[in-house]
Structure formats: C-alpha cells, structure tokens
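Colleague: My structure is stored as work35.pdb, with PDB, C-alpha atoms.
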MODEL        1
ATOM      1  CA  ARG G   1       0.000   0.000   0.000
ATOM      2  CA  LYS G   2       1.086   3.509  -0.761
ATOM      3  CA  ASN G   3       0.836   4.716   2.874
ATOM      4  CA  ASN G   4       2.532   1.745   4.543
ATOM      5  CA  PHE G   5       5.957   2.019   6.144
ATOM      6  CA  PHE G   6       8.385  -0.885   6.247
ATOM      7  CA  LEU G   7      11.045  -1.956   8.728
ATOM      8  CA  LEU G   8      13.798  -4.232   7.388
ATOM      9  CA  ILE G   9      16.224  -5.795   9.826
ATOM     10  CA  VAL G  10      18.824  -7.707   7.861
ATOM     11  CA  ASP G  11      21.753  -9.707   9.164
ATOM     12  CA  GLU G  12      25.094  -8.644   7.685
ATOM     13  CA  ASN G  13      26.143 -12.220   6.930
ATOM     14  CA  LEU G  14      23.454 -14.067   4.998
ATOM     15  CA  ASP G  15      23.985 -17.731   4.249
ATOM     16  CA  VAL G  16      22.399 -18.658   0.928
ATOM     17  CA  ARG G  17      22.233 -21.900  -0.962
ATOM     18  CA  HIS G  18      22.389 -22.272  -4.726
ATOM     19  CA  GLY G  19      21.631 -25.930  -5.304
ATOM     20  CA  THR G  20      24.399 -27.707  -3.398
ATOM     21  CA  ASN G  21      26.647 -24.625  -3.108
ATOM     22  CA  HIS G  22      26.582 -22.462  -0.011
ATOM     23  CA  GLU G  23      27.882 -18.946   0.161
ATOM     24  CA  THR G  24      27.697 -15.991   2.510
ATOM     25  CA  ILE G  25      26.601 -12.682   1.066
ATOM     26  CA  SER G  26      26.636  -9.220   2.596
ATOM     27  CA  GLY G  27      23.241  -8.190   3.928
ATOM     28  CA  SER G  28      24.198  -4.521   3.767
ATOM     29  CA  THR G  29      25.148  -4.841   0.086
ATOM     30  CA  LEU G  30      21.829  -6.587  -0.558
ATOM     31  CA  VAL G  31      19.940  -3.788   1.230
ATOM     32  CA  GLU G  32      21.868  -1.177  -0.754
ATOM     33  CA  ASN G  33      20.861  -2.902  -4.011
ATOM     34  CA  ILE G  34      17.216  -3.094  -2.904
ATOM     35  CA  ARG G  35      17.196   0.601  -1.988
ATOM     36  CA  LEU G  36      18.695   1.539  -5.366
ATOM     37  CA  ARG G  37      15.934  -0.364  -7.181
ATOM     38  CA  LEU G  38      13.100   1.274  -5.255
ATOM     39  CA  THR G  39      11.474   4.435  -6.485
ATOM     40  CA  HIS G  40      12.308   7.540  -4.449
ATOM     41  CA  GLU G  41       8.793   7.565  -2.976
ATOM     42  CA  ALA G  42       8.960   3.882  -2.015
ATOM     43  CA  GLU G  43      12.438   4.220  -0.489
ATOM     44  CA  LYS G  44      11.225   7.092   1.696
ATOM     45  CA  ARG G  45       8.861   4.629   3.432
ATOM     46  CA  VAL G  46      11.571   2.093   4.346
ATOM     47  CA  LEU G  47      13.757   1.905   7.420
ATOM     48  CA  ALA G  48      16.502  -0.638   6.692
ATOM     49  CA  LEU G  49      18.797  -1.660   9.542
ATOM     50  CA  ILE G  50      21.798  -3.966   9.456
ATOM     51  CA  ARG G  51      22.254  -6.300  12.390
ATOM     52  CA  SER G  52      25.801  -7.437  13.016
ATOM     53  CA  VAL G  53      28.326  -8.374  15.683
ATOM     54  CA  ASN G  54      30.792  -6.151  13.803
ATOM     55  CA  ASP G  55      30.351  -2.843  15.585
ATOM     56  CA  SER G  56      33.553  -0.902  14.942
ATOM     57  CA  ALA G  57      33.127   2.703  13.830
ATOM     58  CA  THR G  58      34.231   1.709  10.322
ATOM     59  CA  ASP G  59      31.732  -1.155  10.112
ATOM     60  CA  ILE G  60      28.891   1.019  11.386
ATOM     61  CA  ALA G  61      29.836   3.709   8.856
ATOM     62  CA  VAL G  62      29.657   1.157   6.019
ATOM     63  CA  PHE G  63      26.307  -0.180   7.252
ATOM     64  CA  SER G  64      24.955   3.366   7.559
ATOM     65  CA  LEU G  65      25.989   4.161   3.994
ATOM     66  CA  ARG G  66      24.296   1.068   2.596
ATOM     67  CA  ALA G  67      21.260   1.034   4.883
ATOM     68  CA  HIS G  68      19.686   3.536   7.275
ATOM     69  CA  GLY G  69      21.365   2.334  10.424
ATOM     70  CA  PHE G  70      22.820  -0.397  12.562
ATOM     71  CA  LEU G  71      21.562  -2.706  15.301
ATOM     72  CA  SER G  72      23.902  -4.671  17.488
ATOM     73  CA  LYS G  73      23.494  -8.409  17.311
ATOM     74  CA  ALA G  74      23.541  -8.546  21.093
ATOM     75  CA  PRO G  75      20.232  -9.903  22.370
ATOM     76  CA  ILE G  76      17.617  -7.226  23.012
ATOM     77  CA  LYS G  77      15.275  -7.842  25.910
ATOM     78  CA  ARG G  78      11.611  -7.643  25.020
ATOM     79  CA  ASP G  79      11.029  -4.574  27.196
ATOM     80  CA  ARG G  80      13.919  -2.723  25.431
ATOM     81  CA  VAL G  81      12.880  -3.293  21.809
ATOM     82  CA  ASN G  82      11.002   0.023  21.584
ATOM     83  CA  LYS G  83      13.870   1.864  23.304
ATOM     84  CA  GLU G  84      16.313   0.445  20.715
ATOM     85  CA  LEU G  85      14.166   0.890  17.602
ATOM     86  CA  ALA G  86      12.213   4.074  18.320
ATOM     87  CA  PRO G  87      15.169   6.501  18.015
ATOM     88  CA  LEU G  88      16.086   4.963  14.649
ATOM     89  CA  TRP G  89      12.448   5.064  13.502
ATOM     90  CA  LEU G  90      11.968   8.663  14.652
ATOM     91  CA  LYS G  91      15.219   9.742  12.995
ATOM     92  CA  ARG G  92      14.109   8.202   9.699
ATOM     93  CA  PHE G  93      10.450   9.236   9.980
ATOM     94  CA  PRO G  94      10.238  12.433  12.053
ATOM     95  CA  SER G  95       6.740  13.103  13.372
ATOM     96  CA  SER G  96       6.572  16.219  11.178
ATOM     97  CA  GLU G  97       6.888  13.977   8.100
ATOM     98  CA  PHE G  98       5.332  10.810   9.490
ATOM     99  CA  GLY G  99       2.114  12.537  10.471
ATOM    100  CA  ASP G 100      -0.141  11.842  13.395
ATOM    101  CA  LEU G 101       0.987   8.861  15.423
ATOM    102  CA  GLY G 102      -2.583   8.211  16.436
ATOM    103  CA  GLY G 103      -2.046   9.093  20.080
ATOM    104  CA  ASN G 104       0.368   6.245  20.763
ATOM    105  CA  SER G 105       1.419   7.490  24.161
ATOM    106  CA  ASP G 106       4.331   5.037  24.468
ATOM    107  CA  THR G 107       5.901   6.333  21.262
ATOM    108  CA  GLU G 108       5.240   9.943  22.243
ATOM    109  CA  LYS G 109       6.761   9.421  25.692
ATOM    110  CA  LEU G 110       9.783   7.701  24.189
ATOM    111  CA  SER G 111      10.392  10.456  21.665
ATOM    112  CA  GLU G 112      10.164  13.040  24.445
ATOM    113  CA  THR G 113      12.515  11.179  26.779
ATOM    114  CA  THR G 114      15.081   9.999  24.258
ATOM    115  CA  ASP G 115      18.183  12.072  24.837
ATOM    116  CA  ASP G 116      19.870  13.332  21.668
ATOM    117  CA  VAL G 117      23.258  12.995  23.368
ATOM    118  CA  GLU G 118      22.530   9.277  23.731
ATOM    119  CA  LEU G 119      21.902   9.028  19.979
ATOM    120  CA  LEU G 120      24.831  11.174  18.883
ATOM    121  CA  PRO G 121      27.405   8.376  18.450
ATOM    122  CA  TYR G 122      25.009   6.301  16.355
ATOM    123  CA  ILE G 123      23.922   9.214  14.182
ATOM    124  CA  ILE G 124      27.033  11.317  13.742
ATOM    125  CA  ALA G 125      30.054   9.054  14.283
ATOM    126  CA  PRO G 126      29.594   6.866  11.188
ATOM    127  CA  GLN G 127      29.288   9.949   9.004
ATOM    128  CA  LEU G 128      32.378  11.549  10.523
ATOM    129  CA  VAL G 129      34.349   8.347   9.906
ATOM    130  CA  SER G 130      33.164   8.311   6.296
ATOM    131  CA  ILE G 131      34.059  11.981   5.762
ATOM    132  CA  SER G 132      37.439  11.496   7.436
ATOM    133  CA  ASN G 133      38.193   8.537   5.155
ATOM    134  CA  LEU G 134      37.361  10.644   2.102
ATOM    135  CA  PHE G 135      39.826  13.289   3.242
ATOM    136  CA  LYS G 136      42.512  10.660   3.850
ATOM    137  CA  GLN G 137      41.986   9.551   0.246
ATOM    138  CA  ASN G 138      42.245  13.208  -0.911
ATOM    139  CA  THR G 139      38.723  13.008  -2.300
ATOM    140  CA  HIS G 140      38.263  16.676  -1.390
ATOM    141  CA  GLU G 141      40.787  17.464  -4.138
ATOM    142  CA  SER G 142      39.592  15.003  -6.784
ATOM    143  CA  ASP G 143      35.816  15.030  -6.122
ATOM    144  CA  PRO G 144      34.671  17.884  -3.853
ATOM    145  CA  GLY G 145      31.058  17.007  -4.706
ATOM    146  CA  ALA G 146      31.392  13.751  -2.765
ATOM    147  CA  ILE G 147      32.505  15.696   0.303
ATOM    148  CA  TYR G 148      29.686  18.191  -0.194
ATOM    149  CA  GLU G 149      27.100  15.389  -0.262
ATOM    150  CA  LYS G 150      28.462  13.830   2.947
ATOM    151  CA  LEU G 151      28.557  17.229   4.667
ATOM    152  CA  TYR G 152      24.993  17.942   3.564
ATOM    153  CA  ASN G 153      23.777  14.630   5.050
ATOM    154  CA  LEU G 154      25.690  15.316   8.267
ATOM    155  CA  LYS G 155      24.133  18.780   8.471
ATOM    156  CA  GLN G 156      20.626  17.349   8.055
ATOM    157  CA  ASP G 157      21.206  14.870  10.885
ATOM    158  CA  VAL G 158      22.654  17.557  13.154
ATOM    159  CA  LEU G 159      19.657  19.782  12.420
ATOM    160  CA  ALA G 160      17.356  16.936  13.495
ATOM    161  CA  LEU G 161      18.860  17.111  16.985
ATOM    162  CA  LYS G 162      17.619  19.539  19.627
ATOM    163  CA  ASN G 163      18.021  23.010  18.239
ATOM    164  CA  ASP G 164      20.294  25.008  20.524
ATOM    165  CA  ILE G 165      23.286  27.319  20.186
ATOM    166  CA  SER G 166      25.899  24.527  20.090
ATOM    167  CA  ILE G 167      24.009  22.724  17.319
ATOM    168  CA  MET G 168      23.717  25.946  15.335
ATOM    169  CA  SER G 169      27.493  26.485  15.714
ATOM    170  CA  ILE G 170      28.130  23.043  14.273
ATOM    171  CA  VAL G 171      25.748  23.761  11.389
ATOM    172  CA  GLY G 172      27.586  27.047  10.753
ATOM    173  CA  VAL G 173      30.935  25.261  10.457
ATOM    174  CA  ILE G 174      29.399  22.644   8.145
ATOM    175  CA  ASN G 175      27.956  25.450   5.969
ATOM    176  CA  ILE G 176      31.424  27.030   5.660
ATOM    177  CA  MET G 177      32.899  23.661   4.707
ATOM    178  CA  MET G 178      30.143  23.076   2.138
ATOM    179  CA  GLN G 179      30.835  26.432   0.463
ATOM    180  CA  ASN G 180      34.398  25.378  -0.334
ATOM    181  CA  PRO G 181      35.249  21.727   0.412
ATOM    182  CA  ARG G 182      38.878  22.432  -0.580
ATOM    183  CA  SER G 183      39.325  25.259   1.950
ATOM    184  CA  GLU G 184      41.621  25.285   4.970
ATOM    185  CA  TYR G 185      38.552  24.935   7.222
ATOM    186  CA  VAL G 186      38.101  21.337   6.109
TER     187      VAL G 186
ENDMDL
END
Do you think you could lay out the structure here as structure tokens?

Modeller:
Amino acid sequence: RKNNFFLLIVDENLDVRHGTNHETISGSTLVENIRLRLTHEAEKRVLALIRSVNDSATDIAVFSLRAHGFLSKAPIKRDRVNKELAPLWLKRFPSSEFGDLGGNSDTEKLSETTDDVELLPYIIAPQLVSISNLFKQNTHESDPGAIYEKLYNLKQDVLALKNDISIMSIVGVINIMMQNPRSEYV
C-alpha cells in the first residue's frame, strides 16, 4: 500500500544456498541494491537496519551508507525493543513527516525522553568516519562534490537534533565547509 511504512532488519552475513553450493553474502550490500531499485517515494517509506556483531566505527559507517542504520546483534530484551528501535524510527520518519501517530502514548513518551546525546554516536560518528576517510583519500581534491554530499547529510542529521546554540554552531561550520570543500577549514 502507498501509505505503509516498512522496517527491514537484515543480518550482515546471509547464508544462501544455490543448489548444493553455499555462500555468505553481505546483507548490507543486498539492502543497498534493494534501496537503489526502489522508487524515491517507495524508499522514503523504508527503514533498513543492518544487524551485526561487527560494531567498529568503520563497520557502522559502512552499514549506515548502505542502509539507514545499525543494530547490534547482542540480544535485546523484550522490554527494550522500543527503546532500541524508536530513536532509529523517529530519525528516519520524524513526526513532522510521518504525520499523526494516532495518540500512541508510548511512542510519544519515548520520543520526548530519548536524549539526543545518547543518539549522537550512532547518528554522527559513522558519518564523521566516512568523511574522514574521504579526506585521507584526498577526495576533497579530486571530487569535492562527494565531500559536499556527505557534509549535507551530516548537516541534516545535526539539524534533526535539539536546536540550541551549540548545534547551530556546528551547522555554521558545516555550511562554511560546504561552500568550499577544498578550503583550509576542512
């Protein structure tokens, strides 16, 4: 249906069988391929998360580039499922875009009590790692547009956090960097 939203939780290592052959494929690569095949409107209604034991900053950055986020493969207790998923859901589908939540008080309470500082490492760190890697590869010299795109996405995520003076300072620095990705500010 056109108004439905979808949650995909995909393991990073998928064991598949082709006849008698077994192989392991990357779940995040599969999700990336699925997202690329969806129309823009359909992709906007999907939250795709990669579940993996690999939780280094680099791994999380890769998962976040291919999907919308990362879930640890550590067991989640039943009473913590909403606490784990709601911040990711609300980041992907902000209430301003998602519309009326139908008075679901649990979701409303969770969105009010979720601390942005708690979410910061999961939202910002993978993007910073990705941007840093691009600079190490001198991408800012060869393809400043790639840096611009990453900075733009980072800015959008920072703007989604509580709007205060420190956030606006960060956005200001990102704006300067976006104006000239080759500048000494970068």

Colleague: Once the PyMOL selection byres ((chain G and resi 66) around 10) has been evaluated on this model, what residues remain selected, and can you format them as a PyMOL selection string?

Modeller: chain G and resi 27-36+48-50+60-65+67-69

Colleague: Let me have the centre and edge lengths of the axis-aligned box enclosing all listed atoms of segment 40-46 of chain G with 6 Å padding on every side, in Å to one decimal, as lines of an AutoDock Vina configuration file.

Modeller:
center_x = 10.6
center_y = 4.8
center_z = -0.1
size_x = 15.6
size_y = 17.5
size_z = 20.8

Colleague: Residues at most 8 Å from Lys73 of chain G, counting all atoms listed in the file, excluding those fewer than 6 positions away in the same chain, as a list in words?

Modeller: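 Contacts, with the query itself left out: Arg51, Ser52 and Val53 of chain G.
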
Colleague: Output the selection as a PDB file, keeping the file's coordinate frame - C-alpha atoms for each residue.

Modeller:
ATOM      1  CA  ARG G  51      22.254  -6.300  12.390  1.00  0.00           C
ATOM      2  CA  SER G  52      25.801  -7.437  13.016  1.00  0.00           C
ATOM      3  CA  VAL G  53      28.326  -8.374  15.683  1.00  0.00           C
TER       4      VAL G  53
END

Colleague: Which residue is closest to Leu151 of chain G? Choose from G:Met178, G:Thr58, G:Gly172, G:Leu71 and count all atoms listed in the file.

Modeller: G:Met178

Colleague: One decimal, in Å: what's the spacing between atom CA of Leu134 of chain G and atom CA of Tyr148 of chain G?

Modeller: 11.0 Å

Colleague: Report, in Å with one decimal, the straight-line distance from atom CA of Asn175 of chain G to atom CA of Gly145 of chain G.

Modeller: 14.0 Å

Colleague: What is the distance between atom CA of Ser95 of chain G and atom CA of Glu43 of chain G, in Å to one decimal?

Modeller: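 According to the coordinates, atom CA of Ser95 of chain G and atom CA of Glu43 of chain G are separated by 17.4 Å.
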
Colleague: Enumerate, as an mmCIF file with C-alpha atoms, keeping the file's coordinate frame, the residues matched when the PyMOL selection byres ((chain G and resi 131) around 10) is run on the file above.

Modeller:
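Final output, saved to expr.cif:
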data_model
loop_
_atom_site.group_PDB
_atom_site.id
_atom_site.type_symbol
_atom_site.label_atom_id
_atom_site.label_comp_id
_atom_site.auth_asym_id
_atom_site.auth_seq_id
_atom_site.Cartn_x
_atom_site.Cartn_y
_atom_site.Cartn_z
ATOM 1 C CA ALA G 61 29.836 3.709 8.856
ATOM 2 C CA ALA G 125 30.054 9.054 14.283
ATOM 3 C CA PRO G 126 29.594 6.866 11.188
ATOM 4 C CA GLN G 127 29.288 9.949 9.004
ATOM 5 C CA LEU G 128 32.378 11.549 10.523
ATOM 6 C CA VAL G 129 34.349 8.347 9.906
ATOM 7 C CA SER G 130 33.164 8.311 6.296
ATOM 8 C CA SER G 132 37.439 11.496 7.436
ATOM 9 C CA ASN G 133 38.193 8.537 5.155
ATOM 10 C CA LEU G 134 37.361 10.644 2.102
ATOM 11 C CA PHE G 135 39.826 13.289 3.242
ATOM 12 C CA LYS G 136 42.512 10.660 3.850
ATOM 13 C CA GLN G 137 41.986 9.551 0.246
ATOM 14 C CA THR G 139 38.723 13.008 -2.300
ATOM 15 C CA HIS G 140 38.263 16.676 -1.390
ATOM 16 C CA ALA G 146 31.392 13.751 -2.765
ATOM 17 C CA ILE G 147 32.505 15.696 0.303
ATOM 18 C CA TYR G 148 29.686 18.191 -0.194
ATOM 19 C CA GLU G 149 27.100 15.389 -0.262
ATOM 20 C CA LYS G 150 28.462 13.830 2.947
ATOM 21 C CA LEU G 151 28.557 17.229 4.667
ATOM 22 C CA LEU G 154 25.690 15.316 8.267
#
